[in-house]
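> This is the structure I have questions about; it appears just below.
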Amino acid sequence: MLNRVVIVGGGTAGWMTASYLKAAFGDRIDITLVESGKVGTIGVGEATFSDIRHFFEFLGLKEEDWMPACNATYKLAVRFENWREPGHYFYHPFEQMRSVNGHPLADWWLQDGPTDRFDKDCFVMASVIDAGLSPRRLDGTLLDQPFDEGAGEMQGLTMSEHQGKTQFPYAYHFEAALLAKYLTAYAVERGVTHVVDDVTDVALDERGWISGVRTAGHGELTGDLFVDCTGFRGLLLNKALGEPFVSYQDTLPNDSAVALQVPMDMEERGIRPCTTATAQDAGWIWTIPLMGRVGTGYVYARDYLSPEEAERTLRAFVGPAAADVEANHIRMRIGRSRDSWVRNCVAVGLSSGFVEPLESTGIFFIHHAIEQLAKNFPGADWDPTHRDRYNDAVAHVMDGVREFLVLHYAAAKRSDTRYWRDAKTRPVPDGLAARIERWRTQLPDSETVFPYYHGLPPYSYMCVLLGMGGIEVKPSPALALADPAAARREFDAIREKTRHLTATLPRAYDYFSRLR
Ligand code: FAD
């Protein structure tokens, strides 16, 4: 049996991995996590994707336990502002789009939508978010059917097990440092050995496999499997084992960010339960509401903007509340390691790969990778099948998300600066150009969404295409012959449901202050 795991790195990736493997294998696995006391974590990564709920469920953690400890809030969507033109916004919500007579509601909307807002006509969430409401009532119950359909069935499932079954209506925002602290306590209580020290060297055996990591003060830590959670450094996988990094920079040029953690009275400000991505001259600014502060940052390309200008723009965007807040400037490595599992080393987190956080997929990659690792955990014979399956799954998801993000820029109507004009002529990943042509006359379906994956269902692509406004999309010709009555009834039902929910759900802030 192979059961000694050494995790290097104590950021979100390191502690999520340690907690998950302990929850999965209990005392049958021996885990040591070593993290530097000098090298900090990346200090960002506060918005998530709705699959994250399965992570907390898998650990047996209840929202009322971990959320207050991490100043967490709910996230119902990403709100895109100014990607089409100044003042315009739309939502990409965590809400499945319904179909009528085999056509997604968005197709009917293109044919004969009740208003010019597809997101408000096709989903209830858009209006719930605009009103700053909580998807849970003060007694903890979730907003009613059909939007919690299947939620009970999903209890205890991993995210891959629930694939395609249903969409849970929300994700979370949380303070990354507080989550790492919470998970540290969780993992250490369950037997993970925590070492605070610097790894100074990686020892390889005669086959080139890792035999141990040497530390400044704790000697050599030996194990069977080594998990590289050292962030963009890729200390084990890239540096010690020399695994090359495949850059996505040609298609996604944003390579930098500047972030601010801005304390704020959220009762007064109110919580809009979504991550907002506001387009800027050379990138976009994220806004993440937490209990007690707002996390914000400008993601930009250095070819178009200097760090000083980016910081100035961000401070002007936030206003006086940010005056005394120190800025965190980050250089991003965009792309993925060619393979994330090489010999006896598995990279999880930024060392494995990263795309800009436009759809909050960093932690989603981590969660996905850990599930794949637990599922494909190697035996003593190190059968390469498990490694290959892991590598295929990780590459598939990252390449898929890359394509989805590229679509955001290709589809954005904005073209007022060099950055946005270049976005229209930049290369796109293989095959995307042809798919975009097909989507002009038929909205994306599971056959044309590549690679179809539970994190990115076709309706996500529809939202981006319809919201960004730069690519003209037509309804299916078949709808001209179809009876629109059923679709009209569905639009009416959504309007009615929206009215009911906005009149009855509590303010998001009120819900969280009760939770505390
Ligand atoms: P890090 O946080 O960098 O941790 C690295 C760890 O390795 C640290 O503990 C460090 O001490 C340790 N270490 C390094 N060298 C050594 C050494 N020699 N010895 C011992 N220990 C060492 N993801 C999302 O899901 N949503 C978001 O909204 C989001 N926003 C982001 C915004 C930006 C600008 C960036 C860059 C990323 C964002 N991400 C987001 C991604 C997210 O931040 C990361 O996926 C997540 O924080 C995991 O980071 P990590 O643990 O891999 O690395």
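Starting from 1 in every chain, residues are counted up; chains themselves are A, B, ... following the order of the structure tokens, and ligands are numbered from 1 as listed.
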Write as a PDB file with all heavy atoms, in the first residue's frame the residues around ligand 1, taking 6 Å as the cut-off and counting only C-alpha atoms and all ligand atoms.


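Writing the result to result.pdb gives the following:
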ATOM      1  N   VAL A   8       3.509  20.130  -0.315  1.00  0.00           N
ATOM      2  CA  VAL A   8       4.347  21.324  -0.123  1.00  0.00           C
ATOM      3  C   VAL A   8       3.520  22.543  -0.521  1.00  0.00           C
ATOM      4  O   VAL A   8       3.105  22.667  -1.684  1.00  0.00           O
ATOM      5  CB  VAL A   8       5.653  21.260  -0.946  1.00  0.00           C
ATOM      6  CG1 VAL A   8       6.528  22.475  -0.632  1.00  0.00           C
ATOM      7  CG2 VAL A   8       6.413  19.969  -0.657  1.00  0.00           C
ATOM      8  N   GLY A   9       3.250  23.419   0.445  1.00  0.00           N
ATOM      9  CA  GLY A   9       2.456  24.631   0.186  1.00  0.00           C
ATOM     10  C   GLY A   9       1.193  24.639   1.025  1.00  0.00           C
ATOM     11  O   GLY A   9       0.477  23.638   1.088  1.00  0.00           O
ATOM     12  N   GLY A  10       0.961  25.782   1.671  1.00  0.00           N
ATOM     13  CA  GLY A  10      -0.185  25.897   2.581  1.00  0.00           C
ATOM     14  C   GLY A  10      -1.125  27.019   2.183  1.00  0.00           C
ATOM     15  O   GLY A  10      -1.698  27.711   3.017  1.00  0.00           O
ATOM     16  N   GLY A  11      -1.311  27.194   0.864  1.00  0.00           N
ATOM     17  CA  GLY A  11      -2.346  28.134   0.402  1.00  0.00           C
ATOM     18  C   GLY A  11      -3.668  27.375   0.284  1.00  0.00           C
ATOM     19  O   GLY A  11      -3.834  26.284   0.834  1.00  0.00           O
ATOM     20  N   THR A  12      -4.586  27.952  -0.467  1.00  0.00           N
ATOM     21  CA  THR A  12      -5.901  27.318  -0.640  1.00  0.00           C
ATOM     22  C   THR A  12      -5.723  25.901  -1.197  1.00  0.00           C
ATOM     23  O   THR A  12      -6.392  24.958  -0.756  1.00  0.00           O
ATOM     24  CB  THR A  12      -6.759  28.172  -1.596  1.00  0.00           C
ATOM     25  OG1 THR A  12      -6.781  29.511  -1.093  1.00  0.00           O
ATOM     26  CG2 THR A  12      -8.175  27.656  -1.688  1.00  0.00           C
ATOM     27  N   ALA A  13      -4.800  25.733  -2.155  1.00  0.00           N
ATOM     28  CA  ALA A  13      -4.631  24.416  -2.774  1.00  0.00           C
ATOM     29  C   ALA A  13      -4.100  23.399  -1.765  1.00  0.00           C
ATOM     30  O   ALA A  13      -4.619  22.273  -1.685  1.00  0.00           O
ATOM     31  CB  ALA A  13      -3.675  24.529  -3.962  1.00  0.00           C
ATOM     32  N   GLY A  14      -3.098  23.783  -0.997  1.00  0.00           N
ATOM     33  CA  GLY A  14      -2.495  22.844  -0.050  1.00  0.00           C
ATOM     34  C   GLY A  14      -3.489  22.373   0.997  1.00  0.00           C
ATOM     35  O   GLY A  14      -3.653  21.168   1.237  1.00  0.00           O
ATOM     36  N   VAL A  34       3.896  20.852   4.500  1.00  0.00           N
ATOM     37  CA  VAL A  34       4.940  21.809   4.862  1.00  0.00           C
ATOM     38  C   VAL A  34       4.694  23.116   4.113  1.00  0.00           C
ATOM     39  O   VAL A  34       4.440  23.104   2.907  1.00  0.00           O
ATOM     40  CB  VAL A  34       6.359  21.242   4.589  1.00  0.00           C
ATOM     41  CG1 VAL A  34       6.525  20.746   3.171  1.00  0.00           C
ATOM     42  CG2 VAL A  34       7.442  22.285   4.906  1.00  0.00           C
ATOM     43  N   GLU A  35       4.683  24.194   4.864  1.00  0.00           N
ATOM     44  CA  GLU A  35       4.503  25.506   4.218  1.00  0.00           C
ATOM     45  C   GLU A  35       5.536  26.469   4.772  1.00  0.00           C
ATOM     46  O   GLU A  35       5.921  26.393   5.940  1.00  0.00           O
ATOM     47  CB  GLU A  35       3.092  26.052   4.426  1.00  0.00           C
ATOM     48  CG  GLU A  35       2.736  26.375   5.858  1.00  0.00           C
ATOM     49  CD  GLU A  35       1.378  27.060   5.985  1.00  0.00           C
ATOM     50  OE1 GLU A  35       1.111  27.990   5.200  1.00  0.00           O
ATOM     51  OE2 GLU A  35       0.607  26.683   6.889  1.00  0.00           O
ATOM     52  N   SER A  36       5.944  27.378   3.932  1.00  0.00           N
ATOM     53  CA  SER A  36       6.951  28.350   4.334  1.00  0.00           C
ATOM     54  C   SER A  36       6.347  29.381   5.285  1.00  0.00           C
ATOM     55  O   SER A  36       5.208  29.806   5.117  1.00  0.00           O
ATOM     56  CB  SER A  36       7.469  29.053   3.081  1.00  0.00           C
ATOM     57  OG  SER A  36       8.225  30.179   3.450  1.00  0.00           O
ATOM     58  N   VAL A  39       7.507  32.724   2.736  1.00  0.00           N
ATOM     59  CA  VAL A  39       6.869  32.976   1.435  1.00  0.00           C
ATOM     60  C   VAL A  39       5.348  32.980   1.660  1.00  0.00           C
ATOM     61  O   VAL A  39       4.792  31.985   2.105  1.00  0.00           O
ATOM     62  CB  VAL A  39       7.221  31.856   0.423  1.00  0.00           C
ATOM     63  CG1 VAL A  39       6.591  32.131  -0.927  1.00  0.00           C
ATOM     64  CG2 VAL A  39       8.714  31.678   0.317  1.00  0.00           C
ATOM     65  N   GLY A  40       4.721  34.090   1.333  1.00  0.00           N
ATOM     66  CA  GLY A  40       3.278  34.201   1.583  1.00  0.00           C
ATOM     67  C   GLY A  40       2.453  33.440   0.544  1.00  0.00           C
ATOM     68  O   GLY A  40       2.986  32.944  -0.453  1.00  0.00           O
ATOM     69  N   THR A  41       1.166  33.373   0.789  1.00  0.00           N
ATOM     70  CA  THR A  41       0.256  32.814  -0.217  1.00  0.00           C
ATOM     71  C   THR A  41      -0.070  33.929  -1.211  1.00  0.00           C
ATOM     72  O   THR A  41       0.286  35.092  -0.994  1.00  0.00           O
ATOM     73  CB  THR A  41      -1.042  32.303   0.428  1.00  0.00           C
ATOM     74  OG1 THR A  41      -1.667  33.402   1.071  1.00  0.00           O
ATOM     75  CG2 THR A  41      -0.761  31.202   1.444  1.00  0.00           C
ATOM     76  N   ILE A  42      -0.775  33.585  -2.265  1.00  0.00           N
ATOM     77  CA  ILE A  42      -1.047  34.561  -3.320  1.00  0.00           C
ATOM     78  C   ILE A  42      -1.945  35.705  -2.810  1.00  0.00           C
ATOM     79  O   ILE A  42      -1.898  36.822  -3.327  1.00  0.00           O
ATOM     80  CB  ILE A  42      -1.653  33.859  -4.562  1.00  0.00           C
ATOM     81  CG1 ILE A  42      -1.677  34.754  -5.790  1.00  0.00           C
ATOM     82  CG2 ILE A  42      -3.054  33.332  -4.282  1.00  0.00           C
ATOM     83  CD1 ILE A  42      -0.441  34.702  -6.593  1.00  0.00           C
ATOM     84  N   VAL A  44      -5.202  36.162  -2.903  1.00  0.00           N
ATOM     85  CA  VAL A  44      -6.468  36.431  -3.608  1.00  0.00           C
ATOM     86  C   VAL A  44      -7.174  35.083  -3.802  1.00  0.00           C
ATOM     87  O   VAL A  44      -6.723  34.076  -3.280  1.00  0.00           O
ATOM     88  CB  VAL A  44      -6.223  37.127  -4.970  1.00  0.00           C
ATOM     89  CG1 VAL A  44      -5.878  38.585  -4.806  1.00  0.00           C
ATOM     90  CG2 VAL A  44      -5.139  36.406  -5.763  1.00  0.00           C
ATOM     91  N   GLY A  45      -8.266  35.083  -4.564  1.00  0.00           N
ATOM     92  CA  GLY A  45      -8.977  33.816  -4.783  1.00  0.00           C
ATOM     93  C   GLY A  45     -10.141  33.714  -3.833  1.00  0.00           C
ATOM     94  O   GLY A  45     -10.165  32.877  -2.932  1.00  0.00           O
ATOM     95  N   GLU A  46     -11.134  34.602  -4.039  1.00  0.00           N
ATOM     96  CA  GLU A  46     -12.224  34.720  -3.067  1.00  0.00           C
ATOM     97  C   GLU A  46     -13.588  34.376  -3.644  1.00  0.00           C
ATOM     98  O   GLU A  46     -14.566  34.321  -2.906  1.00  0.00           O
ATOM     99  CB  GLU A  46     -12.253  36.152  -2.533  1.00  0.00           C
ATOM    100  CG  GLU A  46     -10.949  36.537  -1.864  1.00  0.00           C
ATOM    101  CD  GLU A  46     -10.880  37.981  -1.406  1.00  0.00           C
ATOM    102  OE1 GLU A  46     -11.545  38.837  -2.024  1.00  0.00           O
ATOM    103  OE2 GLU A  46     -10.155  38.249  -0.450  1.00  0.00           O
ATOM    104  N   ALA A  47     -13.655  34.203  -4.966  1.00  0.00           N
ATOM    105  CA  ALA A  47     -14.955  33.893  -5.589  1.00  0.00           C
ATOM    106  C   ALA A  47     -14.902  32.485  -6.162  1.00  0.00           C
ATOM    107  O   ALA A  47     -13.862  32.056  -6.660  1.00  0.00           O
ATOM    108  CB  ALA A  47     -15.232  34.896  -6.708  1.00  0.00           C
ATOM    109  N   THR A  48     -16.003  31.777  -6.091  1.00  0.00           N
ATOM    110  CA  THR A  48     -15.989  30.369  -6.501  1.00  0.00           C
ATOM    111  C   THR A  48     -17.084  30.072  -7.518  1.00  0.00           C
ATOM    112  O   THR A  48     -17.876  30.943  -7.882  1.00  0.00           O
ATOM    113  CB  THR A  48     -16.178  29.452  -5.280  1.00  0.00           C
ATOM    114  OG1 THR A  48     -17.416  29.796  -4.652  1.00  0.00           O
ATOM    115  CG2 THR A  48     -15.033  29.589  -4.301  1.00  0.00           C
ATOM    116  N   ASP A 197       8.068  25.542   7.583  1.00  0.00           N
ATOM    117  CA  ASP A 197       9.502  25.569   7.256  1.00  0.00           C
ATOM    118  C   ASP A 197       9.648  25.818   5.757  1.00  0.00           C
ATOM    119  O   ASP A 197       8.707  25.619   4.986  1.00  0.00           O
ATOM    120  CB  ASP A 197      10.141  24.217   7.626  1.00  0.00           C
ATOM    121  CG  ASP A 197      11.647  24.354   7.870  1.00  0.00           C
ATOM    122  OD1 ASP A 197      12.228  25.384   7.472  1.00  0.00           O
ATOM    123  OD2 ASP A 197      12.220  23.418   8.448  1.00  0.00           O
ATOM    124  N   ASP A 198      10.862  26.198   5.373  1.00  0.00           N
ATOM    125  CA  ASP A 198      11.130  26.394   3.946  1.00  0.00           C
ATOM    126  C   ASP A 198      11.693  25.126   3.329  1.00  0.00           C
ATOM    127  O   ASP A 198      12.626  24.537   3.872  1.00  0.00           O
ATOM    128  CB  ASP A 198      12.174  27.507   3.760  1.00  0.00           C
ATOM    129  CG  ASP A 198      11.551  28.862   4.002  1.00  0.00           C
ATOM    130  OD1 ASP A 198      10.458  29.101   3.473  1.00  0.00           O
ATOM    131  OD2 ASP A 198      12.145  29.643   4.761  1.00  0.00           O
ATOM    132  N   VAL A 199      11.136  24.755   2.195  1.00  0.00           N
ATOM    133  CA  VAL A 199      11.744  23.672   1.432  1.00  0.00           C
ATOM    134  C   VAL A 199      12.887  24.299   0.641  1.00  0.00           C
ATOM    135  O   VAL A 199      12.688  25.243  -0.126  1.00  0.00           O
ATOM    136  CB  VAL A 199      10.696  23.012   0.498  1.00  0.00           C
ATOM    137  CG1 VAL A 199      11.376  22.069  -0.489  1.00  0.00           C
ATOM    138  CG2 VAL A 199       9.661  22.269   1.327  1.00  0.00           C
ATOM    139  N   THR A 200      14.079  23.767   0.874  1.00  0.00           N
ATOM    140  CA  THR A 200      15.259  24.369   0.240  1.00  0.00           C
ATOM    141  C   THR A 200      15.731  23.563  -0.965  1.00  0.00           C
ATOM    142  O   THR A 200      16.441  24.071  -1.820  1.00  0.00           O
ATOM    143  CB  THR A 200      16.422  24.451   1.254  1.00  0.00           C
ATOM    144  OG1 THR A 200      16.580  23.153   1.830  1.00  0.00           O
ATOM    145  CG2 THR A 200      16.135  25.476   2.334  1.00  0.00           C
ATOM    146  N   CYS A 229       1.966  22.164  -4.157  1.00  0.00           N
ATOM    147  CA  CYS A 229       0.995  23.260  -4.008  1.00  0.00           C
ATOM    148  C   CYS A 229       1.758  24.554  -3.752  1.00  0.00           C
ATOM    149  O   CYS A 229       1.365  25.378  -2.918  1.00  0.00           O
ATOM    150  CB  CYS A 229       0.029  22.967  -2.864  1.00  0.00           C
ATOM    151  SG  CYS A 229      -1.021  21.530  -3.157  1.00  0.00           S
ATOM    152  N   THR A 230       2.876  24.726  -4.426  1.00  0.00           N
ATOM    153  CA  THR A 230       3.734  25.893  -4.168  1.00  0.00           C
ATOM    154  C   THR A 230       3.378  27.100  -5.031  1.00  0.00           C
ATOM    155  O   THR A 230       4.169  28.026  -5.172  1.00  0.00           O
ATOM    156  CB  THR A 230       5.227  25.538  -4.382  1.00  0.00           C
ATOM    157  OG1 THR A 230       5.387  25.102  -5.742  1.00  0.00           O
ATOM    158  CG2 THR A 230       5.691  24.459  -3.434  1.00  0.00           C
ATOM    159  N   GLY A 231       2.208  27.080  -5.648  1.00  0.00           N
ATOM    160  CA  GLY A 231       1.755  28.249  -6.399  1.00  0.00           C
ATOM    161  C   GLY A 231       2.498  28.387  -7.716  1.00  0.00           C
ATOM    162  O   GLY A 231       3.000  27.406  -8.280  1.00  0.00           O
ATOM    163  N   ALA A 257      -2.092  41.485 -12.228  1.00  0.00           N
ATOM    164  CA  ALA A 257      -3.248  41.967 -11.461  1.00  0.00           C
ATOM    165  C   ALA A 257      -2.742  42.817 -10.312  1.00  0.00           C
ATOM    166  O   ALA A 257      -1.605  42.642  -9.846  1.00  0.00           O
ATOM    167  CB  ALA A 257      -4.059  40.788 -10.929  1.00  0.00           C
ATOM    168  N   MET A 332       0.922  37.052 -13.173  1.00  0.00           N
ATOM    169  CA  MET A 332       0.194  35.782 -13.326  1.00  0.00           C
ATOM    170  C   MET A 332       0.858  34.912 -14.398  1.00  0.00           C
ATOM    171  O   MET A 332       1.271  35.408 -15.436  1.00  0.00           O
ATOM    172  CB  MET A 332      -1.258  36.044 -13.724  1.00  0.00           C
ATOM    173  CG  MET A 332      -2.013  36.960 -12.759  1.00  0.00           C
ATOM    174  SD  MET A 332      -3.773  37.097 -13.094  1.00  0.00           S
ATOM    175  CE  MET A 332      -3.829  37.775 -14.739  1.00  0.00           C
ATOM    176  N   GLY A 349      -3.435  23.313  -7.922  1.00  0.00           N
ATOM    177  CA  GLY A 349      -3.461  24.769  -7.695  1.00  0.00           C
ATOM    178  C   GLY A 349      -2.669  25.490  -8.769  1.00  0.00           C
ATOM    179  O   GLY A 349      -2.509  25.000  -9.898  1.00  0.00           O
ATOM    180  N   LEU A 350      -2.118  26.633  -8.416  1.00  0.00           N
ATOM    181  CA  LEU A 350      -1.450  27.481  -9.403  1.00  0.00           C
ATOM    182  C   LEU A 350      -0.237  26.799 -10.030  1.00  0.00           C
ATOM    183  O   LEU A 350       0.145  27.119 -11.148  1.00  0.00           O
ATOM    184  CB  LEU A 350      -1.027  28.800  -8.737  1.00  0.00           C
ATOM    185  CG  LEU A 350      -2.180  29.653  -8.180  1.00  0.00           C
ATOM    186  CD1 LEU A 350      -1.627  30.851  -7.393  1.00  0.00           C
ATOM    187  CD2 LEU A 350      -3.103  30.137  -9.290  1.00  0.00           C
ATOM    188  N   SER A 351       0.368  25.856  -9.330  1.00  0.00           N
ATOM    189  CA  SER A 351       1.502  25.127  -9.895  1.00  0.00           C
ATOM    190  C   SER A 351       1.050  24.239 -11.053  1.00  0.00           C
ATOM    191  O   SER A 351       1.813  23.967 -11.970  1.00  0.00           O
ATOM    192  CB  SER A 351       2.172  24.271  -8.819  1.00  0.00           C
ATOM    193  OG  SER A 351       1.183  23.470  -8.195  1.00  0.00           O
ATOM    194  N   PRO A 357      -8.992  35.104 -13.600  1.00  0.00           N
ATOM    195  CA  PRO A 357     -10.129  34.703 -12.767  1.00  0.00           C
ATOM    196  C   PRO A 357     -11.499  35.220 -13.223  1.00  0.00           C
ATOM    197  O   PRO A 357     -12.399  35.396 -12.404  1.00  0.00           O
ATOM    198  CB  PRO A 357      -9.756  35.292 -11.406  1.00  0.00           C
ATOM    199  CG  PRO A 357      -8.900  36.463 -11.713  1.00  0.00           C
ATOM    200  CD  PRO A 357      -8.154  36.129 -12.960  1.00  0.00           C
ATOM    201  N   SER A 360     -13.996  32.846 -12.178  1.00  0.00           N
ATOM    202  CA  SER A 360     -13.682  32.288 -10.848  1.00  0.00           C
ATOM    203  C   SER A 360     -13.418  30.787 -10.909  1.00  0.00           C
ATOM    204  O   SER A 360     -14.036  30.009 -10.180  1.00  0.00           O
ATOM    205  CB  SER A 360     -14.833  32.529  -9.873  1.00  0.00           C
ATOM    206  OG  SER A 360     -15.352  33.802 -10.003  1.00  0.00           O
ATOM    207  N   THR A 361     -12.481  30.371 -11.733  1.00  0.00           N
ATOM    208  CA  THR A 361     -12.288  28.943 -11.919  1.00  0.00           C
ATOM    209  C   THR A 361     -11.037  28.379 -11.225  1.00  0.00           C
ATOM    210  O   THR A 361     -10.793  27.175 -11.311  1.00  0.00           O
ATOM    211  CB  THR A 361     -12.217  28.609 -13.425  1.00  0.00           C
ATOM    212  OG1 THR A 361     -11.397  29.580 -14.063  1.00  0.00           O
ATOM    213  CG2 THR A 361     -13.585  28.595 -14.059  1.00  0.00           C
ATOM    214  N   GLY A 362     -10.247  29.231 -10.540  1.00  0.00           N
ATOM    215  CA  GLY A 362      -9.016  28.736  -9.903  1.00  0.00           C
ATOM    216  C   GLY A 362      -9.312  27.679  -8.850  1.00  0.00           C
ATOM    217  O   GLY A 362      -8.710  26.586  -8.841  1.00  0.00           O
ATOM    218  N   ILE A 363     -10.248  27.978  -7.965  1.00  0.00           N
ATOM    219  CA  ILE A 363     -10.566  27.035  -6.885  1.00  0.00           C
ATOM    220  C   ILE A 363     -11.349  25.844  -7.448  1.00  0.00           C
ATOM    221  O   ILE A 363     -11.213  24.708  -6.981  1.00  0.00           O
ATOM    222  CB  ILE A 363     -11.306  27.776  -5.754  1.00  0.00           C
ATOM    223  CG1 ILE A 363     -10.324  28.770  -5.114  1.00  0.00           C
ATOM    224  CG2 ILE A 363     -11.870  26.819  -4.721  1.00  0.00           C
ATOM    225  CD1 ILE A 363     -10.958  29.837  -4.260  1.00  0.00           C
ATOM    226  N   PHE A 364     -12.102  26.098  -8.475  1.00  0.00           N
ATOM    227  CA  PHE A 364     -12.797  25.023  -9.181  1.00  0.00           C
ATOM    228  C   PHE A 364     -11.775  24.025  -9.762  1.00  0.00           C
ATOM    229  O   PHE A 364     -11.935  22.806  -9.644  1.00  0.00           O
ATOM    230  CB  PHE A 364     -13.635  25.682 -10.285  1.00  0.00           C
ATOM    231  CG  PHE A 364     -14.192  24.748 -11.315  1.00  0.00           C
ATOM    232  CD1 PHE A 364     -15.240  23.897 -11.003  1.00  0.00           C
ATOM    233  CD2 PHE A 364     -13.693  24.739 -12.605  1.00  0.00           C
ATOM    234  CE1 PHE A 364     -15.761  23.045 -11.965  1.00  0.00           C
ATOM    235  CE2 PHE A 364     -14.212  23.900 -13.564  1.00  0.00           C
ATOM    236  CZ  PHE A 364     -15.249  23.041 -13.241  1.00  0.00           C
TER     237      PHE A 364
END

> Do a neighbour search on stretch 389-401 of chain A at 7 Å with only C-alpha atoms, toss out local chain neighbours closer than 3 positions, and write the hits as a tab-separated table (two decimals) with C-alpha atoms, in the first residue's frame.


chain	number	residue	atom	x	y	z
A	339	ASP	CA	1.26	17.21	-17.37
A	340	SER	CA	0.23	17.91	-13.79
A	341	TRP	CA	1.14	14.41	-12.57
A	369	ALA	CA	-7.98	18.08	-9.38
A	372	GLN	CA	-9.47	13.27	-9.64
A	373	LEU	CA	-6.51	12.53	-7.37
A	376	ASN	CA	-7.13	7.85	-9.28
A	385	THR	CA	-3.33	4.41	-16.16
A	386	HIS	CA	-4.26	6.42	-13.07
A	404	PHE	CA	-14.73	29.71	-22.68
A	405	LEU	CA	-12.76	32.75	-21.48
A	450	PHE	CA	-15.93	22.01	-26.37
A	451	PRO	CA	-15.03	20.26	-24.30

> From the options A:Leu178, A:Cys463, A:Met97, A:Leu407, which residue's atoms come nearest to A:Glu490, counting only C-alpha atoms?

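Ranking A:Leu178, A:Cys463, A:Met97, A:Leu407 by distance to A:Glu490, first place goes to A:Met97.
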
> Based on DSSP run over this structure's backbone, return all residues of stretch 312-454 of chain A in strand (DSSP E), as number ranges by chain.

A: 328-331, 335-337, 341-342, 345-347, 353-354

> Write down as a VMD selection string the residues of stretch 388-483 of chain A whose backbone DSSP state falls under alpha helix (DSSP H).

chain A and resid 388 to 411 418 to 422 432 to 441 458 to 468

> Do you know which residues are at most 12 Å from A:Trp382 counting only C-alpha atoms, after dropping those on the same chain fewer than 2 positions away, and could you put them as an NGL selection string?

:A and (1-2 or 209 or 224-225 or 341-345 or 376-380 or 384-388)

> Would you export the selected residues with N, CA, C and O atoms as a tab-separated table (two decimals), in the first residue's frame, please?


chain	number	residue	atom	x	y	z
A	1	MET	N	0.84	-1.20	0.00
A	1	MET	CA	0.00	0.00	0.00
A	1	MET	C	0.88	1.25	0.00
A	1	MET	O	1.93	1.28	0.61
A	2	LEU	N	0.36	2.25	-0.68
A	2	LEU	CA	1.11	3.49	-0.81
A	2	LEU	C	0.31	4.56	-0.06
A	2	LEU	O	-0.83	4.84	-0.42
A	209	TRP	N	12.71	10.08	-9.53
A	209	TRP	CA	11.50	10.27	-8.74
A	209	TRP	C	11.86	11.03	-7.47
A	209	TRP	O	13.01	10.98	-7.01
A	224	ASP	N	5.69	8.86	-0.20
A	224	ASP	CA	5.49	8.10	-1.44
A	224	ASP	C	5.06	9.05	-2.56
A	224	ASP	O	5.59	9.02	-3.66
A	225	LEU	N	4.08	9.88	-2.22
A	225	LEU	CA	3.50	10.80	-3.22
A	225	LEU	C	3.74	12.23	-2.74
A	225	LEU	O	3.50	12.54	-1.56
A	341	TRP	N	0.65	15.56	-13.35
A	341	TRP	CA	1.14	14.41	-12.57
A	341	TRP	C	2.32	13.82	-13.34
A	341	TRP	O	2.17	13.30	-14.45
A	342	VAL	N	3.51	13.91	-12.73
A	342	VAL	CA	4.73	13.37	-13.35
A	342	VAL	C	5.44	12.51	-12.30
A	342	VAL	O	5.70	12.98	-11.20
A	343	ARG	N	5.75	11.30	-12.67
A	343	ARG	CA	6.35	10.33	-11.72
A	343	ARG	C	5.55	10.31	-10.42
A	343	ARG	O	4.35	10.07	-10.46
A	344	ASN	N	6.16	10.62	-9.26
A	344	ASN	CA	5.37	10.57	-8.02
A	344	ASN	C	5.04	11.97	-7.50
A	344	ASN	O	4.95	12.20	-6.30
A	345	CYS	N	4.87	12.89	-8.45
A	345	CYS	CA	4.56	14.28	-8.06
A	345	CYS	C	3.28	14.73	-8.77
A	345	CYS	O	3.18	14.60	-10.00
A	376	ASN	N	-8.21	8.57	-8.57
A	376	ASN	CA	-7.13	7.85	-9.28
A	376	ASN	C	-5.91	7.64	-8.38
A	376	ASN	O	-4.79	7.53	-8.88
A	377	PHE	N	-6.14	7.61	-7.07
A	377	PHE	CA	-4.99	7.50	-6.15
A	377	PHE	C	-4.18	6.25	-6.50
A	377	PHE	O	-4.73	5.17	-6.67
A	378	PRO	N	-2.84	6.40	-6.62
A	378	PRO	CA	-2.05	5.27	-7.13
A	378	PRO	C	-1.91	4.13	-6.13
A	378	PRO	O	-1.94	4.34	-4.92
A	379	GLY	N	-1.72	2.93	-6.67
A	379	GLY	CA	-1.37	1.79	-5.84
A	379	GLY	C	0.14	1.61	-5.84
A	379	GLY	O	0.87	2.35	-6.51
A	380	ALA	N	0.61	0.59	-5.13
A	380	ALA	CA	2.06	0.39	-4.99
A	380	ALA	C	2.75	0.14	-6.33
A	380	ALA	O	3.94	0.39	-6.47
A	384	PRO	N	0.43	3.30	-14.61
A	384	PRO	CA	0.37	4.62	-15.25
A	384	PRO	C	-1.04	5.03	-15.70
A	384	PRO	O	-1.28	6.20	-15.99
A	385	THR	N	-1.96	4.08	-15.73
A	385	THR	CA	-3.33	4.41	-16.16
A	385	THR	C	-3.92	5.52	-15.29
A	385	THR	O	-4.59	6.42	-15.79
A	386	HIS	N	-3.67	5.43	-13.98
A	386	HIS	CA	-4.26	6.42	-13.07
A	386	HIS	C	-3.67	7.81	-13.34
A	386	HIS	O	-4.39	8.80	-13.39
A	387	ARG	N	-2.36	7.82	-13.53
A	387	ARG	CA	-1.69	9.09	-13.85
A	387	ARG	C	-2.24	9.68	-15.15
A	387	ARG	O	-2.56	10.87	-15.23
A	388	ASP	N	-2.38	8.84	-16.15
A	388	ASP	CA	-2.83	9.33	-17.46
A	388	ASP	C	-4.26	9.86	-17.39
A	388	ASP	O	-4.59	10.88	-18.00

> Could you give me, as a ChimeraX atom specification, the residues within 8 Å of stretch 467-472 of chain A, counting only C-alpha atoms and dropping anything in the same chain fewer than 6 positions from it?

/A:83-84,89-91,118,408,410-414,440
